[in-house]
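Visitor: I have a structure here, written as structure tokens, and I will follow up with some questions on it.
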Amino acid sequence: MPTNPRLPRRFFRADAESLARKLLGQRLVRILPDRTRLAGLIVETEAYLGEPDAASHAYRRRRTPRNEAMYAPPGTSYVYFTYGMHFCFNIVCGKTNEPLAVLIRALEPTEGQQAMRRNRLSAPRPMPKPIADTALCSGPARLCQALAIDRSLNGIDLTTDGRLFLEPASGPVADDLVQRTPRIGVAYAGDWAARPLRFVIRGNPHISRKTVPKLAKFR
DNA sequence: ATGACGATTTACT
DNA sequence: GTAAATCGTCATA
């Protein structure tokens, strides 16, 4: 049976800012072990620029077991565990050995919302009320939970793997629909905290925050 | 071996 | 608006 086209390797062979911009409107697809297909359109991303970027896990070319996947070829996944309970999913870009990545921060769910909701209702904590569609994948850890993305998907090749990949969706998002803001949760990064490296589809209800973050304290 | 911290989310005032 | 949850990771020693 025919398989849908995917974004090819060359799509990811780009600097992090360009890729973060180009990923808006593209489709992220997750196939579960039972063959359930989950998918959503990317509506929020953040670029992490590697060596010079104080907010990046690869700042000063730091290389540890955790972030090893950042040094892999473009189109590799980088999934990391944080705050003792959450996973976040990135797409590695640039060239091999150049630790650039784009964090996927929110999706507009398009397929498998029922299964997503089921995934969200399990760990780490049950939720009291039904989850609105706009809250299903509106945050980097939420979307990982909804799509059942965990450590087992770290370092995989998104251009060939059958479990997690990207498909081209509606054409490029128009420039006037793209809004840039500072990145979320990187106040520790000094000057880099203020750089407008977060990309969102303006006004989309599935993004993680409604308002532009204000700059928190330095240190 | 130890301790400080985190590319977050949720509940609660 | 503030704080708790929760533990792998990494720098330091």
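By convention in this document, the chains of the structure tokens carry letters A, B, ... by their order, each chain's residues are numbered from 1, and ligands are numbered from 1 in the order they are shown.
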Within 9 Å of region 1-12 of chain B, counting only C-alpha atoms (C1' of nucleotides), which residues show up once you throw out same-chain ones fewer than 5 positions away? Write them as a PyMOL selection string, please.

Guide: (chain A and resi 46+48+55-57+82-88+103+125+139-142+183-186) or (chain C and resi 2-5+12-13)

Visitor: Provide as a PyMOL selection string the residues of chain C at most 8 Å from chain A, counting only C-alpha atoms (C1' of nucleotides).

Guide: chain C and resi 6-9

Visitor: How about saving the chosen residues, N, CA, C and O atoms (P, O5', C5', C4', C3', O3' and C1' of nucleotides) kept, as a CSV table (one decimal), in the first residue's frame?

Guide:
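What ended up in again27.csv:
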chain,number,residue,atom,x,y,z
C,6,DT,P,5.0,13.8,42.6
C,6,DT,O5',6.3,13.7,41.8
C,6,DT,C5',6.3,13.8,40.4
C,6,DT,C4',7.7,13.7,39.8
C,6,DT,C3',8.6,12.8,40.6
C,6,DT,O3',9.4,12.0,39.8
C,6,DT,C1',9.6,15.0,40.4
C,7,DC,P,9.9,10.6,40.5
C,7,DC,O5',11.4,10.6,39.8
C,7,DC,C5',11.5,10.7,38.4
C,7,DC,C4',12.8,11.2,38.0
C,7,DC,C3',14.0,10.6,38.8
C,7,DC,O3',15.1,10.5,37.9
C,7,DC,C1',14.1,12.9,39.0
C,8,DG,P,15.4,9.0,37.3
C,8,DG,O5',16.2,9.4,35.9
C,8,DG,C5',15.4,10.0,34.9
C,8,DG,C4',16.2,11.0,34.2
C,8,DG,C3',17.6,10.6,33.9
C,8,DG,O3',17.9,11.2,32.6
C,8,DG,C1',17.7,12.5,35.2
C,9,DT,P,19.3,10.8,31.8
C,9,DT,O5',20.2,12.1,32.1
C,9,DT,C5',19.6,13.3,31.7
C,9,DT,C4',20.6,14.4,32.2
C,9,DT,C3',22.0,14.1,32.0
C,9,DT,O3',22.5,15.2,31.2
C,9,DT,C1',21.6,15.0,34.2

Visitor: Mind listing the helix (DSSP H, G or I) residues of region 25-179 of chain A, per DSSP on the backbone, as an NGL selection string?

Guide: :A and (59-61 or 68-71 or 113-121 or 133-136 or 140-146 or 151-153 or 175-177)

Visitor: What is the CA of Ala187 (chain A)-CA of Thr134 (chain A) distance in Å, reported with one decimal?

Guide: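 Between these atoms lies a distance of 26.1 Å.
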
Visitor: To one decimal in Å, tell me the separation between CA of Val200 (chain A) and CA of Arg63 (chain A).

Guide: 29.1 Å
